[in-house]
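Source file coords15.cif; content: mmCIF, C-alpha atoms.
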data_entry
#
loop_
_atom_site.label_atom_id
_atom_site.label_comp_id
_atom_site.auth_asym_id
_atom_site.auth_seq_id
_atom_site.Cartn_x
_atom_site.Cartn_y
_atom_site.Cartn_z
CA MET X 1032 182.07 73.90 106.45
CA LEU X 1033 180.05 74.74 103.36
CA SER X 1034 176.29 74.42 103.19
CA PHE X 1035 175.15 72.59 100.03
CA ARG X 1036 171.73 72.56 98.46
CA TYR X 1037 171.27 69.77 95.97
CA LEU X 1038 168.61 70.68 93.38
CA ILE X 1039 166.40 67.93 92.00
CA ALA X 1040 163.73 69.85 90.10
CA ALA X 1041 164.18 67.61 87.05
CA VAL X 1042 163.05 64.60 89.06
CA PHE X 1043 159.56 66.06 89.26
CA VAL X 1044 159.02 66.91 85.59
CA ALA X 1045 157.69 63.49 84.62
CA VAL X 1046 155.66 63.19 87.80
CA SER X 1047 153.96 66.56 87.90
CA SER X 1048 153.78 68.02 84.40
CA LEU X 1049 150.03 67.32 84.18
CA PHE X 1050 148.94 69.02 87.38
CA SER X 1051 148.36 72.61 88.38
CA GLY X 1052 148.55 74.39 91.71
CA SER X 1053 148.50 78.14 91.73
CA ALA X 1054 145.43 78.83 89.59
CA LEU X 1055 143.11 76.69 91.71
CA ALA X 1056 144.69 77.70 94.99
CA GLN X 1057 144.19 81.38 94.18
CA ALA X 1058 140.60 80.70 93.11
CA PHE X 1059 139.64 80.07 96.74
CA GLN X 1060 139.01 83.19 98.77
CA THR X 1061 138.46 83.49 102.50
CA SER X 1062 137.27 86.48 104.51
CA VAL X 1063 139.51 85.70 107.49
CA PRO X 1064 143.04 87.18 107.64
CA ASN X 1065 144.81 84.01 108.79
CA ALA X 1066 144.16 80.48 107.57
CA ILE X 1067 145.88 77.27 106.49
CA LEU X 1068 144.62 73.93 105.17
CA ILE X 1069 146.85 70.84 105.32
CA ASP X 1070 146.41 67.27 104.10
CA ALA X 1071 147.37 65.01 107.01
CA GLY X 1072 148.36 62.01 104.90
CA THR X 1073 150.88 63.80 102.70
CA ASN X 1074 151.69 66.94 104.76
CA THR X 1075 150.72 68.96 101.67
CA VAL X 1076 149.71 72.57 102.25
CA LEU X 1077 146.58 73.06 100.14
CA PHE X 1078 145.88 76.69 101.05
CA GLU X 1079 147.45 79.37 103.19
CA LYS X 1080 146.84 83.02 103.95
CA GLY X 1081 148.82 84.81 106.64
CA ALA X 1082 149.72 81.38 108.00
CA ASP X 1083 152.96 82.56 109.61
CA ASP X 1084 151.54 85.66 111.29
CA LEU X 1085 151.53 85.67 115.08
CA VAL X 1086 147.95 85.54 116.36
CA THR X 1087 146.19 85.18 119.70
CA PRO X 1088 145.32 81.51 120.21
CA ALA X 1089 142.66 81.94 122.92
CA SER X 1090 141.34 78.49 123.90
CA THR X 1091 143.01 76.69 120.98
CA VAL X 1092 146.06 76.74 123.27
CA LYS X 1093 144.33 73.91 125.11
CA ILE X 1094 145.44 71.61 122.30
CA LEU X 1095 148.99 71.89 123.65
CA THR X 1096 147.75 71.53 127.23
CA ALA X 1097 146.00 68.31 126.19
CA GLU X 1098 149.06 67.07 124.29
CA MET X 1099 151.14 67.34 127.43
CA ILE X 1100 148.58 65.39 129.45
CA PHE X 1101 148.33 62.76 126.70
CA ARG X 1102 152.11 62.40 126.82
CA GLU X 1103 152.09 61.93 130.60
CA LEU X 1104 149.46 59.22 130.19
CA THR X 1105 151.27 57.49 127.32
CA GLU X 1106 154.57 57.40 129.18
CA GLY X 1107 152.99 56.07 132.38
CA ARG X 1108 153.51 59.06 134.67
CA LEU X 1109 149.78 59.64 134.86
CA LYS X 1110 146.62 57.52 134.76
CA LEU X 1111 143.11 58.45 133.64
CA GLY X 1112 141.80 57.50 137.07
CA ASP X 1113 144.24 59.71 138.98
CA VAL X 1114 142.46 62.37 141.05
CA PHE X 1115 143.39 66.07 141.29
CA THR X 1116 142.04 68.59 143.80
CA VAL X 1117 140.60 71.94 142.67
CA SER X 1118 142.62 74.74 144.23
CA GLU X 1119 141.13 78.11 145.09
CA TYR X 1120 143.43 79.65 142.46
CA ALA X 1121 142.08 77.37 139.72
CA TRP X 1122 138.47 77.92 140.83
CA ARG X 1123 138.76 81.70 141.15
CA ASN X 1124 140.72 82.32 137.95
CA GLY X 1125 139.25 79.65 135.69
CA GLY X 1126 135.95 78.59 137.23
CA ALA X 1127 132.54 80.17 137.70
CA PRO X 1128 133.82 83.35 139.46
CA ALA X 1129 135.98 84.22 136.43
CA GLY X 1130 133.07 84.34 133.99
CA GLY X 1131 134.79 82.51 131.14
CA SER X 1132 134.25 79.04 129.72
CA ALA X 1133 134.32 76.57 132.60
CA MET X 1134 133.70 72.99 133.65
CA PHE X 1135 132.19 74.51 136.82
CA LEU X 1136 134.43 72.68 139.24
CA LYS X 1137 133.89 73.52 142.91
CA VAL X 1138 136.72 74.73 145.08
CA ASN X 1139 138.41 71.92 147.07
CA SER X 1140 136.45 69.28 145.14
CA GLN X 1141 138.17 66.47 143.25
CA ALA X 1142 138.00 65.16 139.68
CA THR X 1143 139.73 62.41 137.73
CA VAL X 1144 142.17 63.17 134.94
CA GLU X 1145 139.72 61.71 132.43
CA ASP X 1146 136.88 63.96 133.58
CA LEU X 1147 139.23 66.95 133.55
CA LEU X 1148 140.24 66.14 129.97
CA ARG X 1149 136.59 66.06 128.95
CA GLY X 1150 136.02 69.35 130.76
CA LEU X 1151 139.05 70.80 128.99
CA LEU X 1152 138.21 69.67 125.46
CA ILE X 1153 134.40 69.53 125.38
CA ASP X 1154 133.45 72.34 127.78
CA SER X 1155 136.66 74.30 127.02
CA GLY X 1156 136.99 74.65 130.78
CA ASN X 1157 139.59 77.15 131.92
CA ASP X 1158 139.28 75.67 135.39
CA ALA X 1159 140.01 72.18 134.03
CA ALA X 1160 143.15 73.49 132.33
CA LEU X 1161 144.43 75.06 135.53
CA VAL X 1162 143.69 71.99 137.66
CA LEU X 1163 145.52 69.77 135.18
CA ALA X 1164 148.46 72.17 135.05
CA GLU X 1165 148.76 72.33 138.83
CA GLY X 1166 148.29 68.59 139.18
CA VAL X 1167 151.05 67.75 136.74
CA ALA X 1168 153.60 70.50 137.38
CA GLY X 1169 152.72 71.88 140.83
CA SER X 1170 151.80 75.35 139.60
CA GLU X 1171 150.58 77.16 136.51
CA GLU X 1172 153.96 78.88 136.11
CA ALA X 1173 155.86 75.59 136.18
CA PHE X 1174 153.47 74.10 133.64
CA VAL X 1175 153.94 77.08 131.32
CA MET X 1176 157.70 76.53 131.40
CA ARG X 1177 157.05 72.93 130.35
CA MET X 1178 154.70 74.15 127.62
CA ASN X 1179 157.36 76.27 125.99
CA LYS X 1180 159.93 73.49 126.28
CA ARG X 1181 157.50 71.02 124.73
CA ALA X 1182 156.61 73.47 121.95
CA SER X 1183 160.30 73.75 121.09
CA GLU X 1184 160.65 69.97 121.00
CA LEU X 1185 157.71 69.76 118.60
CA GLY X 1186 159.18 72.36 116.24
CA LEU X 1187 156.85 75.21 117.13
CA VAL X 1188 159.64 77.73 116.77
CA LYS X 1189 157.61 80.94 116.42
CA SER X 1190 154.84 80.26 118.92
CA ARG X 1191 155.16 81.13 122.60
CA PHE X 1192 152.93 80.32 125.53
CA GLY X 1193 152.03 82.19 128.70
CA ASN X 1194 149.17 80.15 130.20
CA PRO X 1195 147.48 76.76 129.65
CA TRP X 1196 143.90 77.97 129.16
CA GLY X 1197 143.88 80.81 126.63
CA LYS X 1198 143.97 84.16 128.39
CA ALA X 1199 145.14 86.81 125.92
CA SER X 1200 148.57 88.25 126.67
CA ASP X 1201 151.66 89.47 124.86
CA ASP X 1202 153.58 86.35 125.88
CA GLN X 1203 151.00 84.03 124.30
CA LYS X 1204 151.13 84.10 120.48
CA VAL X 1205 151.00 81.32 117.88
CA THR X 1206 150.97 80.94 114.11
CA PRO X 1207 148.20 79.10 112.23
CA ARG X 1208 150.82 76.91 110.54
CA GLU X 1209 152.32 75.77 113.83
CA MET X 1210 148.91 75.12 115.37
CA ALA X 1211 148.00 72.93 112.39
CA LYS X 1212 151.33 71.15 112.85
CA LEU X 1213 150.53 70.61 116.54
CA ALA X 1214 147.09 69.24 115.66
CA LEU X 1215 148.62 66.79 113.17
CA HIS X 1216 151.08 65.61 115.82
CA VAL X 1217 148.28 65.01 118.33
CA ILE X 1218 146.16 63.08 115.82
CA ARG X 1219 149.07 60.86 114.74
CA THR X 1220 150.66 60.31 118.14
CA TYR X 1221 147.66 59.85 120.43
CA PRO X 1222 144.87 58.12 118.47
CA ASP X 1223 143.41 56.62 121.67
CA PHE X 1224 143.10 60.03 123.34
CA TYR X 1225 142.22 62.14 120.30
CA LYS X 1226 138.64 60.83 120.62
CA TYR X 1227 137.96 63.27 123.47
CA PHE X 1228 138.06 66.18 121.03
CA GLY X 1229 135.12 64.72 119.12
CA GLU X 1230 132.72 63.92 121.98
CA LYS X 1231 129.53 65.91 121.47
CA GLU X 1232 128.66 66.72 125.10
CA PHE X 1233 129.74 66.35 128.71
CA THR X 1234 127.84 66.59 131.99
CA TRP X 1235 129.54 67.54 135.25
CA ASN X 1236 127.74 68.29 138.50
CA ASN X 1237 124.43 68.05 136.60
CA ILE X 1238 125.53 70.78 134.20
CA ARG X 1239 125.30 69.53 130.62
CA GLN X 1240 127.42 71.32 128.01
CA GLN X 1241 127.69 70.85 124.26
CA ASN X 1242 131.05 70.66 122.50
CA ARG X 1243 131.93 74.17 121.34
CA ASN X 1244 133.34 72.96 117.99
CA PRO X 1245 130.68 73.82 115.36
CA LEU X 1246 132.28 71.59 112.71
CA LEU X 1247 131.17 68.47 114.60
CA THR X 1248 127.54 69.06 113.62
CA MET X 1249 128.06 69.84 109.94
CA SER X 1250 128.16 66.29 108.46
CA ILE X 1251 131.56 66.83 106.87
CA GLY X 1252 133.48 64.15 108.78
CA ALA X 1253 134.80 66.51 111.46
CA ASP X 1254 136.04 64.88 114.69
CA GLY X 1255 138.08 67.63 116.47
CA LEU X 1256 139.85 69.85 117.65
CA LYS X 1257 139.25 73.25 119.46
CA THR X 1258 137.71 76.67 119.10
CA GLY X 1259 138.86 79.89 120.73
CA ASN X 1260 137.84 83.51 121.05
CA ILE X 1261 138.66 86.53 123.12
CA GLU X 1262 136.41 89.30 124.38
CA LYS X 1263 137.05 91.74 121.53
CA GLY X 1264 135.58 89.26 119.03
CA ASP X 1265 138.69 87.60 117.59
CA PHE X 1266 137.46 84.07 116.78
CA GLY X 1267 139.65 81.12 115.85
CA ILE X 1268 139.45 77.39 115.31
CA VAL X 1269 141.76 74.45 114.66
CA GLY X 1270 139.72 71.62 113.17
CA SER X 1271 140.07 68.29 111.43
CA ALA X 1272 137.81 66.15 109.25
CA ASN X 1273 138.12 62.72 107.68
CA GLN X 1274 136.35 61.67 104.46
CA GLU X 1275 136.89 58.29 102.82
CA GLY X 1276 140.26 57.84 104.51
CA ARG X 1277 141.55 61.33 103.72
CA ARG X 1278 142.12 63.67 106.65
CA LEU X 1279 142.44 67.44 106.38
CA ILE X 1280 143.43 69.91 109.09
CA VAL X 1281 142.32 73.53 109.05
CA ALA X 1282 143.38 76.47 111.21
CA VAL X 1283 141.46 79.74 110.97
CA TYR X 1284 142.11 82.88 113.04
CA GLY X 1285 140.84 86.46 113.04
CA ALA X 1286 137.18 85.82 112.25
CA LYS X 1287 134.87 88.61 113.43
CA THR X 1288 132.08 86.32 114.59
CA ALA X 1289 131.52 82.70 115.60
CA LYS X 1290 129.42 82.25 112.45
CA GLU X 1291 132.19 83.51 110.17
CA ARG X 1292 134.71 81.23 111.92
CA ALA X 1293 132.52 78.17 111.39
CA GLU X 1294 131.62 78.97 107.79
CA GLU X 1295 135.15 79.74 106.64
CA ALA X 1296 136.55 76.60 108.26
CA ARG X 1297 133.77 74.51 106.72
CA LYS X 1298 134.27 76.00 103.24
CA LEU X 1299 138.01 75.38 103.38
CA LEU X 1300 137.56 71.74 104.35
CA GLN X 1301 134.92 71.10 101.68
CA TRP X 1302 137.05 72.80 99.03
CA GLY X 1303 140.04 70.68 99.98
CA PHE X 1304 138.13 67.41 99.80
CA ARG X 1305 136.54 68.23 96.44
CA ASN X 1306 139.42 69.72 94.48
CA PHE X 1307 142.58 67.72 95.21
CA GLU X 1308 143.84 64.25 94.43
CA GLU X 1309 146.77 62.27 95.81
CA LYS X 1310 149.84 61.54 93.66
CA ASP X 1311 152.87 59.38 94.46
CA LEU X 1312 156.31 60.95 94.10
CA PHE X 1313 158.65 58.37 95.69
CA LYS X 1314 158.19 55.00 97.32
CA VAL X 1315 159.71 53.98 100.66
CA GLY X 1316 163.43 53.34 100.15
CA GLU X 1317 163.52 54.77 96.63
CA PRO X 1318 166.59 57.03 96.17
CA ILE X 1319 165.54 60.67 96.01
CA GLY X 1320 168.98 62.21 95.62
CA PRO X 1321 172.53 62.07 97.05
CA ALA X 1322 174.23 63.85 99.91
CA GLN X 1323 177.96 64.53 99.73
CA ILE X 1324 180.10 62.59 102.25
CA TYR X 1325 183.33 63.99 103.69
CA GLY X 1326 186.08 61.52 104.67
CA GLY X 1327 184.18 58.37 103.74
CA VAL X 1328 184.95 55.29 101.67
CA GLN X 1329 182.60 56.81 99.10
CA GLY X 1330 181.88 60.40 98.22
CA SER X 1331 178.11 60.39 98.57
CA VAL X 1332 175.15 58.48 99.94
CA ASP X 1333 171.63 58.17 98.58
CA LEU X 1334 168.88 59.77 100.63
CA VAL X 1335 165.50 58.08 101.06
CA SER X 1336 162.27 58.58 102.97
CA LYS X 1337 161.05 56.07 105.54
CA THR X 1338 157.50 56.59 104.28
CA ASP X 1339 156.02 56.95 100.81
CA VAL X 1340 156.37 60.52 99.54
CA LYS X 1341 153.01 61.71 98.31
CA VAL X 1342 151.54 65.09 97.51
CA LEU X 1343 148.02 66.35 96.94
CA LEU X 1344 147.58 68.17 93.64
CA PRO X 1345 144.67 70.10 92.17
CA ARG X 1346 142.58 68.09 89.77
CA GLY X 1347 143.13 68.70 86.06
CA GLY X 1348 145.82 71.42 86.01
CA THR X 1349 149.10 71.93 84.13
CA GLU X 1350 151.67 73.57 86.43
CA LYS X 1351 154.85 71.69 87.44
CA LEU X 1352 156.14 71.07 90.91
CA THR X 1353 159.74 71.80 91.80
CA GLY X 1354 161.78 70.22 94.55
CA LYS X 1355 165.16 70.26 96.23
CA ILE X 1356 167.03 68.40 98.92
CA VAL X 1357 168.28 70.73 101.65
CA TYR X 1358 170.99 69.66 104.08
CA GLU X 1359 174.01 71.02 105.91
CA GLY X 1360 177.09 69.41 104.50
CA PRO X 1361 179.14 67.78 103.38
CA VAL X 1362 178.18 65.09 105.89
CA ILE X 1363 181.13 63.74 107.90
CA ALA X 1364 181.79 59.98 107.82
CA PRO X 1365 181.08 57.55 109.33
CA VAL X 1366 177.35 57.62 108.56
CA GLU X 1367 174.90 54.96 109.71
CA ALA X 1368 172.01 53.74 107.59
CA GLY X 1369 168.85 55.53 108.70
CA ALA X 1370 170.67 58.61 109.99
CA GLY X 1371 168.59 61.75 109.40
CA ILE X 1372 170.15 63.98 106.74
CA GLY X 1373 168.18 67.04 105.66
CA ARG X 1374 164.78 67.20 104.06
CA LEU X 1375 163.00 67.18 100.74
CA GLU X 1376 161.28 70.49 99.92
CA VAL X 1377 158.54 70.49 97.29
CA LYS X 1378 157.11 73.73 95.94
CA ARG X 1379 154.07 74.59 93.88
CA GLY X 1380 154.90 78.02 92.50
CA ASN X 1381 156.46 79.93 95.39
CA ALA X 1382 154.61 78.03 98.08
CA VAL X 1383 156.27 75.15 99.95
CA VAL X 1384 153.61 72.42 99.88
CA LEU X 1385 155.63 69.53 101.32
CA GLU X 1386 158.61 69.03 103.63
CA GLN X 1387 159.72 65.43 104.07
CA PRO X 1388 162.57 64.30 106.36
CA LEU X 1389 165.24 62.22 104.60
CA GLU X 1390 167.71 59.65 105.86
CA ALA X 1391 170.80 57.78 104.63
CA ALA X 1392 169.95 54.72 102.55
CA GLU X 1393 173.09 52.86 103.65
CA SER X 1394 176.03 53.06 106.03
CA VAL X 1395 179.22 54.76 104.89
CA ALA X 1396 182.41 53.90 106.76
CA GLU X 1397 185.27 56.27 107.39
CA GLY X 1398 187.78 56.30 104.53
CA SER X 1399 191.55 55.90 104.54
CA LEU X 1400 193.88 58.62 105.77
CA SER X 1401 194.79 59.55 102.20
CA SER X 1402 191.15 59.88 101.12
CA ARG X 1403 190.36 62.05 104.15
CA ALA X 1404 193.34 64.25 103.34
CA PHE X 1405 192.12 64.63 99.76
CA ASP X 1406 188.65 65.59 100.97
CA ALA X 1407 190.17 68.17 103.31
CA VAL X 1408 192.09 69.80 100.45
CA TYR X 1409 188.99 69.75 98.27
CA GLU X 1410 186.86 71.33 100.98
CA TYR X 1411 189.47 74.04 101.63
CA ALA X 1412 189.60 74.92 97.93
CA ALA X 1413 185.82 74.97 97.65
CA ALA X 1414 185.58 77.25 100.66
CA LYS X 1415 188.04 79.70 99.11
CA ILE X 1416 186.09 79.78 95.86
CA HIS X 1417 182.87 80.32 97.80
CA GLU X 1418 184.48 83.17 99.74
CA LYS X 1419 185.68 84.91 96.57
CA LEU X 1420 182.30 84.60 94.89
CA ASN X 1421 180.59 86.18 97.89
CA LYS X 1422 183.02 89.12 97.86
CA LYS X 1423 182.16 89.83 94.22
CA LYS X 1424 178.43 90.09 94.94
#

Could you take the file, read its structure, and then write that structure out as structure tokens?
Amino acid sequence: MLSFRYLIAAVFVAVSSLFSGSALAQAFQTSVPNAILIDAGTNTVLFEKGADDLVTPASTVKILTAEMIFRELTEGRLKLGDVFTVSEYAWRNGGAPAGGSAMFLKVNSQATVEDLLRGLLIDSGNDAALVLAEGVAGSEEAFVMRMNKRASELGLVKSRFGNPWGKASDDQKVTPREMAKLALHVIRTYPDFYKYFGEKEFTWNNIRQQNRNPLLTMSIGADGLKTGNIEKGDFGIVGSANQEGRRLIVAVYGAKTAKERAEEARKLLQWGFRNFEEKDLFKVGEPIGPAQIYGGVQGSVDLVSKTDVKVLLPRGGTEKLTGKIVYEGPVIAPVEAGAGIGRLEVKRGNAVVLEQPLEAAESVAEGSLSSRAFDAVYEYAAAKIHEKLNKKK
């Protein structure tokens, strides 16, 4: 079956002819090798540099560990008051004897899930991560298998995970883009649990620790998520801030020092808040473009978004946006209203700044035998033409 790409660049001319992207985006410079800034409300990518490179996540991997615990809590398989016991393995490899960031749990002691979450996200406790992993899955190895399965479900297709606490290894690599995507998912899906990322301090066994996220003290509206670094000085952070109802998410990796990590993340967030404004492209239910239907009572169906389609654009520019609908087709009838069909891709220059899932605006029933036969002949002819064109290239 052929794969069609329906271009709709003309749709955006009237909407975007007064706004610019590339000049302002290129005007921002960062010293770190890997960074991305995303607007949470519109999914617009405001800045990126090496955003698809594989990097070492260090303790930012605990965002996924937390997501999995949040999911267990949300779906009722776990309660905040449930108690887990600290194994010798978790204590020795993640606690005080290991020398890394720790909640300072004692071997064979017990802690509630809620306290372990605070130890995980405020103290960045490696021991808390291991106790949670063992408590939920039985062992660290079993939890890691679940991590990779969950990452796949969330669309983290390039990232791979080897442990729940951040130890550097070849089987633990992520991309800044996918970590920002994970952060956005956590913020949207678990608003009641996201608050733990923003708590300023936590005391356990009379040991008081400050949250390791430097953005929380900068008066820029930051309320999460996690820092990370490894021994050789590779510092990273995935952070989020909210100002006047607008939320931005930043992911920075490869900083040489903790100071550089904090400053570059702060500058990116401030730049994003100051220099972009929100513009509407399509309303909920407004037809964005058609998808071809095979064997239906009609030859196409309008595609719509179930949310308003908005994009953040630089203030006062002149460059146009371009867009296209991408789907595998033609789509085979019958089709139900609301069925997911492809996505809307919006570009500013060569950069994809927005990807929005699309769905069928209405149901399309299966057509008569004669109409299906006609569609089959048409598809066969189109395939032959496509084959000949490819041979001439």

Practice task
Evaluate the PyMOL selection byres ((chain X and resi 1167) around 10) and record the selected residues as a PyMOL selection string, following the chain and residue labels used in the document.
Solution key: chain X and resi 1099-1100+1103+1108-1109+1115+1161-1166+1168-1171+1173-1174

Handout entry: Nearest to X:Leu1215, chosen from X:Pro1321, X:Arg1297, X:Leu1111, X:Ile1069, with only C-alpha atoms counted in the distances
Key = X:Ile1069

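Here the PyMOL selection byres ((chain X and resi 1219-1227) around 9) captures the residues Ala1071, Glu1098, Phe1101, Arg1102, Thr1105, Leu1148, Arg1149, Leu1152, Ile1153, Ala1214, Leu1215, His1216, Val1217, Ile1218, Phe1228, Gly1229, Glu1230, Asp1254, Gly1255 and Leu1256 of chain X.
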
Exercise for the section: Identify, on the basis of only C-alpha atoms, every residue whose closest approach to X:Ile1324 does not exceed 9 Å; exclude the query and any residue fewer than 3 positions from it along the same chain; express the result as a list in words. Expected result: Gly1327, Val1328, Gln1329, Gly1330, Ser1331, Val1332, Gly1360, Pro1361, Val1362, Ile1363, Ala1364, Pro1365, Val1366 and Val1395 of chain X

Output of the PyMOL selection byres ((chain X and resi 1371) around 12), listed as a PDB file with C-alpha atoms, in the frame of the given file:
ATOM      1  CA  ALA X1322     174.230  63.850  99.910  1.00  0.00           C
ATOM      2  CA  VAL X1332     175.150  58.480  99.940  1.00  0.00           C
ATOM      3  CA  ASP X1333     171.630  58.170  98.580  1.00  0.00           C
ATOM      4  CA  LEU X1334     168.880  59.770 100.630  1.00  0.00           C
ATOM      5  CA  VAL X1335     165.500  58.080 101.060  1.00  0.00           C
ATOM      6  CA  SER X1336     162.270  58.580 102.970  1.00  0.00           C
ATOM      7  CA  LYS X1337     161.050  56.070 105.540  1.00  0.00           C
ATOM      8  CA  VAL X1357     168.280  70.730 101.650  1.00  0.00           C
ATOM      9  CA  TYR X1358     170.990  69.660 104.080  1.00  0.00           C
ATOM     10  CA  GLU X1359     174.010  71.020 105.910  1.00  0.00           C
ATOM     11  CA  VAL X1362     178.180  65.090 105.890  1.00  0.00           C
ATOM     12  CA  VAL X1366     177.350  57.620 108.560  1.00  0.00           C
ATOM     13  CA  GLU X1367     174.900  54.960 109.710  1.00  0.00           C
ATOM     14  CA  ALA X1368     172.010  53.740 107.590  1.00  0.00           C
ATOM     15  CA  GLY X1369     168.850  55.530 108.700  1.00  0.00           C
ATOM     16  CA  ALA X1370     170.670  58.610 109.990  1.00  0.00           C
ATOM     17  CA  ILE X1372     170.150  63.980 106.740  1.00  0.00           C
ATOM     18  CA  GLY X1373     168.180  67.040 105.660  1.00  0.00           C
ATOM     19  CA  ARG X1374     164.780  67.200 104.060  1.00  0.00           C
ATOM     20  CA  LEU X1375     163.000  67.180 100.740  1.00  0.00           C
ATOM     21  CA  GLN X1387     159.720  65.430 104.070  1.00  0.00           C
ATOM     22  CA  PRO X1388     162.570  64.300 106.360  1.00  0.00           C
ATOM     23  CA  LEU X1389     165.240  62.220 104.600  1.00  0.00           C
ATOM     24  CA  GLU X1390     167.710  59.650 105.860  1.00  0.00           C
ATOM     25  CA  ALA X1391     170.800  57.780 104.630  1.00  0.00           C
ATOM     26  CA  ALA X1392     169.950  54.720 102.550  1.00  0.00           C
ATOM     27  CA  GLU X1393     173.090  52.860 103.650  1.00  0.00           C
ATOM     28  CA  SER X1394     176.030  53.060 106.030  1.00  0.00           C
TER      29      SER X1394
END

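Neighbouring residues of X:Met1178 at 9 Å or closer, counting only C-alpha atoms and skipping chain neighbours under 4 positions away, are Leu1095, Thr1096, Met1099, Ala1173, Phe1174, Ala1182, Ser1183, Arg1191, Phe1192, Gly1193, Asn1194 and Pro1195 of chain X.
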
Using C-alpha atoms, can you export the residues from the last selection as a PDB file, in the coordinates of the input?
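Written out: selection11.pdb:
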ATOM      1  CA  LEU X1095     148.990  71.890 123.650  1.00  0.00           C
ATOM      2  CA  THR X1096     147.750  71.530 127.230  1.00  0.00           C
ATOM      3  CA  MET X1099     151.140  67.340 127.430  1.00  0.00           C
ATOM      4  CA  ALA X1173     155.860  75.590 136.180  1.00  0.00           C
ATOM      5  CA  PHE X1174     153.470  74.100 133.640  1.00  0.00           C
ATOM      6  CA  ALA X1182     156.610  73.470 121.950  1.00  0.00           C
ATOM      7  CA  SER X1183     160.300  73.750 121.090  1.00  0.00           C
ATOM      8  CA  ARG X1191     155.160  81.130 122.600  1.00  0.00           C
ATOM      9  CA  PHE X1192     152.930  80.320 125.530  1.00  0.00           C
ATOM     10  CA  GLY X1193     152.030  82.190 128.700  1.00  0.00           C
ATOM     11  CA  ASN X1194     149.170  80.150 130.200  1.00  0.00           C
ATOM     12  CA  PRO X1195     147.480  76.760 129.650  1.00  0.00           C
TER      13      PRO X1195
END

Handout entry: Pairwise distance for atom CA of X:Asp1201 and atom CA of X:Pro1088, rounded to one decimal in Å
Key = 11.2 Å

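Taking atom CA of X:Trp1122 and atom CA of X:Tyr1284 as endpoints, the distance between them is 28.5 Å.
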
Please tabulate, as CSV, the residues of stretch 1247-1276 of chain X that come within 10 Å of stretch 1058-1068 of chain X, each with its closest pair of atoms and the distance in Å to one decimal, counting all atoms listed in the file and ordering rows by chain, then residue number upward.
residue,atom,partner,partner_atom,distance
X:Phe1266,CA,X:Val1063,CA,9.7
X:Gly1267,CA,X:Asn1065,CA,9.2
X:Ile1268,CA,X:Ala1066,CA,9.6
X:Val1269,CA,X:Ile1067,CA,9.6
X:Gly1270,CA,X:Leu1068,CA,9.7
X:Ser1271,CA,X:Leu1068,CA,9.6

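Atom pair atom CA of X:Gly1380 / atom CA of X:Lys1341 has a distance of 17.4 Å (rounded to one decimal).
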